[in-house]
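These notes are about the structure you will find just below.
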2 protein chains.
Amino acid sequence: MRPPVAIRRFGYAYVLVLCALLMGGCATVQTDPLPAWNDGKVKQSIVSFVNKVTTQGSPDYVPVPERIATFDNDGTLWAEQPMYFQLVFVLDRVKVLAPRHPEWKTTEPFASVLKGDLKRALSGGDKALIELVMATSTGMTTAEYEVIVNEWLATARHPRFNQPYTAMVYEPMLELAAYLRANGFKTFIVSGGGIEFMRPWTERVYGIPPEQVIGSSGKIKFEMRGGKPVLVRLPELSFVDDGPGKPVGINLHIGRRPIFAFGNSDGDLQMLQWTAAGGGARFMGLVHHTDAVREWEYDRQSSVGKLDKAFDEAQAKGWTIVDMKQDWNVIFPFEKK
Amino acid sequence: MRPPVAIRRFGYAYVLVLCALLMGGCATVQTDPLPAWNDGKVKQSIVSFVNKVTTQGSPDYVPVPERIATFDNDGTLWAEQPMYFQLVFVLDRVKVLAPRHPEWKTTEPFASVLKGDLKRALSGGDKALIELVMATSTGMTTAEYEVIVNEWLATARHPRFNQPYTAMVYEPMLELAAYLRANGFKTFIVSGGGIEFMRPWTERVYGIPPEQVIGSSGKIKFEMRGGKPVLVRLPELSFVDDGPGKPVGINLHIGRRPIFAFGNSDGDLQMLQWTAAGGGARFMGLVHHTDAVREWEYDRQSSVGKLDKAFDEAQAKGWTIVDMKQDWNVIFPFEKK
């Protein structure tokens, strides 16, 4: 058979380019957007949700500006064992700053941190924790703090995997966030962690820009220093973005309700409830840490990332629960190398 | 002369389409993106700034994610005379709610509001103002408040122009925000007004979505009511996004420094200073209200939108100052009809 006129005249390559330009690709090559996710009902629940809210004419169609997805960070986007990574940062800072604070040798919780007795250091609960954060993460400008965070990230290594902490992120969740963005979603982090502890690296690591990061924060003060304006981090807690604080943070920073939310612990329950309570199609997901070999196995009894009430509610309401061991064929990006 | 082969074969229309597809238009039709701005140095300063930060290879080139533009709202994007529009809303609410509050007849500042003696009502300064806001704008859920704001906007009319308040926006600033967005900027509102007072309408009116609106706010509480989660507006001020609060709000919500900021009063000075203090190309602009005929004429002596220190600093530092009378050929969109 004789090829059509355009091909005879201009050749196949030309027509293919033209065709691609005109039709956005002559044939759609079906590539799996979530290759780190094993086939099964969890992956299917994600794909079918995205399909229905993005299909024009579907009763579940959601216009692009309302495609808001929120992700917890610790235990959802990156690991949180053996302790929250921000806590590692804080403990490392205590050691760095100790020479300037001789009084810490005899003052708790600092004395126990310096002795390496973490259990005792944290026995004071939230009060001790906040004290450690305030002593190490305030009293400097926002710009100075960013430098400190970046320097720590560049040098600190995870004790079990010997990787930078920013490598301890979940490959399947990176894929999921990118898949959502490719489908017109805006992806946000909604974390109990410090907002300024996350912002220096979330864009590079997750593709989530600083203006889409919500977290806990302290008071900040504007000041002129030598004719230059600076923002100073004050030793006063301003907002705790955890538990019931998450919908409040979402409301303050986003001002509309997510249609998609992912967490991993009881601290995410209210975010998931708030997401579920909107009209139209909704997706609520939990990461269940079930893989003691490749990652960690913990839930109801864990002091970090306790998943108990949220687990029950997710089961009762049919939310998606990721079984990490079963549903993820890769956990950390460095496994692929 | 014989036309080229592709034209002979496929006709002009075909080649034009092909050409448009391949090159994004064979010839760029130069349409003025800022027709409501008169030609002159102010318009030129805007266009040349946008050109230099968006030109690849220019020493002033700024990557898209860092193209952050912040706008004050009252007096910069919409009018603020004879008083802040949110204050009109609050005073109207006092009248609506008065039957439920018989005690207001004898309690200031409510009694004076109900008698129409605004001057006396506001003689108590910020304390009286906050009391009025708390009494009228808290104690309901965020969803209920949104309904009240929308209902008010649908019915209230500006006393001088007999227009809905959302029509009292500046056409040149609508053009400017759209022009920036077309050049890869993300546009934010940074206003002393209530964040939840603005969000119901900023997307429709300015093309600025709720997650890009920063404002003053009160405390919000998450609650379950009959198994449904709600967010309740508490009568406690949480954050004042004005003056030195503006860089703090920018830091909290955006997490990076704007390269472009526009205000109109001393309440915007710190936002402009914060913007100016970054590295690379910067644009700082002020709207100067100079048109008593088409809008209002006010600056150093005004109780609303006082422009005094910021005016001096703008002149000293060569920031762009819009002379409304001279630089804008249209002020409100309804003038064009």
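Each chain of the structure tokens is named A, B, ... in the order shown, its residues numbered from 1; ligands are numbered from 1 in display order.
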For this session: Pull out every residue of chain B sitting within 10 Å of chain A, counting only C-alpha atoms, and send them as an MDAnalysis selection string.
Result: chainID B and resid 5:6 9:10 17:18 21:22 65:66 142 195:196 199:200 203 209:215 217:224 227:232 238 243:256 270:271 273:278
Problem set entry | helix (DSSP H, G or I) residues, from DSSP on the backbone, in stretch 133-308 of chain A, as JSON, numbers by chain | {"A": [133, 134, 135, 136, 137, 142, 143, 144, 145, 146, 147, 148, 149, 150, 151, 152, 153, 154, 155, 165, 166, 167, 171, 172, 173, 174, 175, 176, 177, 178, 179, 180, 181, 182, 195, 196, 197, 198, 199, 200, 201, 202, 203, 204, 205, 206, 210, 211, 212, 245, 246, 247, 248, 249, 250, 251, 252, 253, 266, 267, 268, 269, 270, 271, 272, 273, 274, 275, 276]}
Exercise. Which is closest to B:Ser216 among B:Glu295, B:Leu286, B:Ser303, B:Val133, if we use only C-alpha atoms?
Worked result: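 Once distances to B:Ser216 are computed over only C-alpha atoms, the minimum belongs to B:Val133.
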For this session: Using DSSP on the backbone, list every residue of stretch 3-196 of chain B that comes out as strand (DSSP E or B), and give them as a list in words.
Result: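 Strand (DSSP E or B) members of stretch 3-196 of chain B, listed: Trp37, Ile68, Ala69, Thr70, Phe71, Asp74, Trp78, Thr141, Val169, Lys186, Thr187, Phe188, Ile189, Val190, Ser191, Gly192, Gly193 and Gly194 of chain B.
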Print the selection's residues with N, CA, C and O atoms to a file, as a PDB file, in the first residue's frame.
```pdb
ATOM      1  N   TRP B  37      -3.288  51.210  32.505  1.00  0.00           N
ATOM      2  CA  TRP B  37      -2.153  52.012  32.976  1.00  0.00           C
ATOM      3  C   TRP B  37      -1.707  52.950  31.858  1.00  0.00           C
ATOM      4  O   TRP B  37      -1.419  52.514  30.745  1.00  0.00           O
ATOM      5  N   ILE B  68       7.409  35.363  43.614  1.00  0.00           N
ATOM      6  CA  ILE B  68       6.353  35.577  44.605  1.00  0.00           C
ATOM      7  C   ILE B  68       6.012  37.068  44.623  1.00  0.00           C
ATOM      8  O   ILE B  68       6.898  37.907  44.806  1.00  0.00           O
ATOM      9  N   ALA B  69       4.726  37.366  44.419  1.00  0.00           N
ATOM     10  CA  ALA B  69       4.262  38.754  44.459  1.00  0.00           C
ATOM     11  C   ALA B  69       3.214  38.884  45.558  1.00  0.00           C
ATOM     12  O   ALA B  69       2.301  38.066  45.647  1.00  0.00           O
ATOM     13  N   THR B  70       3.363  39.911  46.403  1.00  0.00           N
ATOM     14  CA  THR B  70       2.399  40.120  47.481  1.00  0.00           C
ATOM     15  C   THR B  70       1.731  41.480  47.335  1.00  0.00           C
ATOM     16  O   THR B  70       2.379  42.478  47.016  1.00  0.00           O
ATOM     17  N   PHE B  71       0.435  41.482  47.571  1.00  0.00           N
ATOM     18  CA  PHE B  71      -0.368  42.698  47.472  1.00  0.00           C
ATOM     19  C   PHE B  71      -1.113  42.939  48.774  1.00  0.00           C
ATOM     20  O   PHE B  71      -1.800  42.038  49.264  1.00  0.00           O
ATOM     21  N   ASP B  74      -6.723  46.393  51.253  1.00  0.00           N
ATOM     22  CA  ASP B  74      -7.438  47.666  51.441  1.00  0.00           C
ATOM     23  C   ASP B  74      -6.621  48.838  50.914  1.00  0.00           C
ATOM     24  O   ASP B  74      -5.532  49.116  51.416  1.00  0.00           O
ATOM     25  N   TRP B  78      -8.543  46.936  46.449  1.00  0.00           N
ATOM     26  CA  TRP B  78      -9.880  47.540  46.447  1.00  0.00           C
ATOM     27  C   TRP B  78      -9.852  48.789  47.304  1.00  0.00           C
ATOM     28  O   TRP B  78      -8.882  49.029  48.026  1.00  0.00           O
ATOM     29  N   THR B 141     -19.343  28.770  63.379  1.00  0.00           N
ATOM     30  CA  THR B 141     -18.351  27.956  62.672  1.00  0.00           C
ATOM     31  C   THR B 141     -17.803  28.749  61.482  1.00  0.00           C
ATOM     32  O   THR B 141     -18.405  29.733  61.033  1.00  0.00           O
ATOM     33  N   VAL B 169     -13.040  47.385  43.157  1.00  0.00           N
ATOM     34  CA  VAL B 169     -11.650  46.929  43.000  1.00  0.00           C
ATOM     35  C   VAL B 169     -11.007  47.718  41.866  1.00  0.00           C
ATOM     36  O   VAL B 169     -11.691  48.239  40.990  1.00  0.00           O
ATOM     37  N   LYS B 186       3.352  33.819  41.348  1.00  0.00           N
ATOM     38  CA  LYS B 186       2.267  33.434  42.225  1.00  0.00           C
ATOM     39  C   LYS B 186       1.867  34.703  42.965  1.00  0.00           C
ATOM     40  O   LYS B 186       2.722  35.355  43.585  1.00  0.00           O
ATOM     41  N   THR B 187       0.596  35.079  42.884  1.00  0.00           N
ATOM     42  CA  THR B 187       0.141  36.315  43.520  1.00  0.00           C
ATOM     43  C   THR B 187      -0.536  36.010  44.858  1.00  0.00           C
ATOM     44  O   THR B 187      -1.389  35.127  44.939  1.00  0.00           O
ATOM     45  N   PHE B 188      -0.135  36.749  45.881  1.00  0.00           N
ATOM     46  CA  PHE B 188      -0.679  36.601  47.234  1.00  0.00           C
ATOM     47  C   PHE B 188      -1.276  37.924  47.707  1.00  0.00           C
ATOM     48  O   PHE B 188      -0.778  38.994  47.356  1.00  0.00           O
ATOM     49  N   ILE B 189      -2.303  37.815  48.532  1.00  0.00           N
ATOM     50  CA  ILE B 189      -2.791  38.976  49.273  1.00  0.00           C
ATOM     51  C   ILE B 189      -2.178  38.931  50.664  1.00  0.00           C
ATOM     52  O   ILE B 189      -2.158  37.870  51.294  1.00  0.00           O
ATOM     53  N   VAL B 190      -1.683  40.068  51.130  1.00  0.00           N
ATOM     54  CA  VAL B 190      -1.162  40.170  52.498  1.00  0.00           C
ATOM     55  C   VAL B 190      -1.818  41.403  53.115  1.00  0.00           C
ATOM     56  O   VAL B 190      -1.388  42.532  52.893  1.00  0.00           O
ATOM     57  N   SER B 191      -2.885  41.166  53.851  1.00  0.00           N
ATOM     58  CA  SER B 191      -3.769  42.243  54.281  1.00  0.00           C
ATOM     59  C   SER B 191      -3.960  42.254  55.784  1.00  0.00           C
ATOM     60  O   SER B 191      -3.960  41.203  56.433  1.00  0.00           O
ATOM     61  N   GLY B 192      -4.180  43.458  56.329  1.00  0.00           N
ATOM     62  CA  GLY B 192      -4.567  43.572  57.727  1.00  0.00           C
ATOM     63  C   GLY B 192      -5.991  43.093  57.973  1.00  0.00           C
ATOM     64  O   GLY B 192      -6.392  42.854  59.109  1.00  0.00           O
ATOM     65  N   GLY B 193      -6.753  42.934  56.912  1.00  0.00           N
ATOM     66  CA  GLY B 193      -8.138  42.465  57.034  1.00  0.00           C
ATOM     67  C   GLY B 193      -8.206  41.010  57.476  1.00  0.00           C
ATOM     68  O   GLY B 193      -7.207  40.296  57.454  1.00  0.00           O
ATOM     69  N   GLY B 194      -9.392  40.594  57.862  1.00  0.00           N
ATOM     70  CA  GLY B 194      -9.588  39.222  58.328  1.00  0.00           C
ATOM     71  C   GLY B 194      -9.393  38.226  57.198  1.00  0.00           C
ATOM     72  O   GLY B 194      -9.937  38.385  56.112  1.00  0.00           O
TER      73      GLY B 194
END
```
For this session: List the neighbours of A:Pro63 out to 10 Å using only C-alpha atoms; skip same-chain residues closer than 4 positions along the sequence, and give me the result as a PyMOL selection string.
Result: chain A and resi 53-56+67+184-185
Put those residues in a file: all heavy atoms, as a PDB file, in the first residue's frame.
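Result written to result-v5.pdb:
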```pdb
ATOM      1  N   VAL A  53     -12.330  11.806  40.021  1.00  0.00           N
ATOM      2  CA  VAL A  53     -12.405  13.256  40.276  1.00  0.00           C
ATOM      3  C   VAL A  53     -11.826  14.086  39.134  1.00  0.00           C
ATOM      4  O   VAL A  53     -12.033  15.295  39.077  1.00  0.00           O
ATOM      5  CB  VAL A  53     -11.747  13.671  41.621  1.00  0.00           C
ATOM      6  CG1 VAL A  53     -12.453  12.989  42.795  1.00  0.00           C
ATOM      7  CG2 VAL A  53     -10.251  13.405  41.625  1.00  0.00           C
ATOM      8  N   THR A  54     -11.100  13.421  38.223  1.00  0.00           N
ATOM      9  CA  THR A  54     -10.497  14.189  37.120  1.00  0.00           C
ATOM     10  C   THR A  54     -11.202  13.948  35.781  1.00  0.00           C
ATOM     11  O   THR A  54     -10.798  14.537  34.782  1.00  0.00           O
ATOM     12  CB  THR A  54      -8.994  13.826  36.957  1.00  0.00           C
ATOM     13  OG1 THR A  54      -8.877  12.416  36.749  1.00  0.00           O
ATOM     14  CG2 THR A  54      -8.197  14.219  38.181  1.00  0.00           C
ATOM     15  N   THR A  55     -12.217  13.089  35.774  1.00  0.00           N
ATOM     16  CA  THR A  55     -12.918  12.812  34.515  1.00  0.00           C
ATOM     17  C   THR A  55     -14.057  13.809  34.322  1.00  0.00           C
ATOM     18  O   THR A  55     -15.016  13.826  35.087  1.00  0.00           O
ATOM     19  CB  THR A  55     -13.481  11.370  34.519  1.00  0.00           C
ATOM     20  OG1 THR A  55     -12.396  10.457  34.726  1.00  0.00           O
ATOM     21  CG2 THR A  55     -14.169  11.056  33.191  1.00  0.00           C
ATOM     22  N   GLN A  56     -13.887  14.671  33.306  1.00  0.00           N
ATOM     23  CA  GLN A  56     -14.929  15.650  32.965  1.00  0.00           C
ATOM     24  C   GLN A  56     -16.237  14.918  32.732  1.00  0.00           C
ATOM     25  O   GLN A  56     -16.279  13.911  32.038  1.00  0.00           O
ATOM     26  CB  GLN A  56     -14.553  16.391  31.675  1.00  0.00           C
ATOM     27  CG  GLN A  56     -13.405  17.365  31.834  1.00  0.00           C
ATOM     28  CD  GLN A  56     -13.864  18.801  32.083  1.00  0.00           C
ATOM     29  OE1 GLN A  56     -15.055  19.055  32.297  1.00  0.00           O
ATOM     30  NE2 GLN A  56     -12.927  19.730  32.067  1.00  0.00           N
ATOM     31  N   ARG A  67      -8.735  20.655  43.966  1.00  0.00           N
ATOM     32  CA  ARG A  67      -8.009  19.392  44.153  1.00  0.00           C
ATOM     33  C   ARG A  67      -6.858  19.590  45.154  1.00  0.00           C
ATOM     34  O   ARG A  67      -5.701  19.746  44.776  1.00  0.00           O
ATOM     35  CB  ARG A  67      -7.492  18.864  42.813  1.00  0.00           C
ATOM     36  CG  ARG A  67      -8.624  18.439  41.904  1.00  0.00           C
ATOM     37  CD  ARG A  67      -8.124  17.849  40.597  1.00  0.00           C
ATOM     38  NE  ARG A  67      -9.180  17.912  39.587  1.00  0.00           N
ATOM     39  CZ  ARG A  67      -8.981  17.842  38.276  1.00  0.00           C
ATOM     40  NH1 ARG A  67      -7.746  17.681  37.811  1.00  0.00           N
ATOM     41  NH2 ARG A  67      -9.998  17.930  37.434  1.00  0.00           N
ATOM     42  N   GLY A 184      -3.427  17.561  38.411  1.00  0.00           N
ATOM     43  CA  GLY A 184      -3.999  18.861  38.760  1.00  0.00           C
ATOM     44  C   GLY A 184      -4.165  19.121  40.239  1.00  0.00           C
ATOM     45  O   GLY A 184      -4.751  20.132  40.624  1.00  0.00           O
ATOM     46  N   PHE A 185      -3.675  18.219  41.082  1.00  0.00           N
ATOM     47  CA  PHE A 185      -3.761  18.444  42.524  1.00  0.00           C
ATOM     48  C   PHE A 185      -2.662  19.400  42.987  1.00  0.00           C
ATOM     49  O   PHE A 185      -1.571  19.426  42.415  1.00  0.00           O
ATOM     50  CB  PHE A 185      -3.571  17.132  43.297  1.00  0.00           C
ATOM     51  CG  PHE A 185      -4.783  16.243  43.331  1.00  0.00           C
ATOM     52  CD1 PHE A 185      -5.149  15.499  42.213  1.00  0.00           C
ATOM     53  CD2 PHE A 185      -5.557  16.139  44.478  1.00  0.00           C
ATOM     54  CE1 PHE A 185      -6.256  14.671  42.243  1.00  0.00           C
ATOM     55  CE2 PHE A 185      -6.664  15.304  44.510  1.00  0.00           C
ATOM     56  CZ  PHE A 185      -7.025  14.566  43.394  1.00  0.00           C
TER      57      PHE A 185
END
```
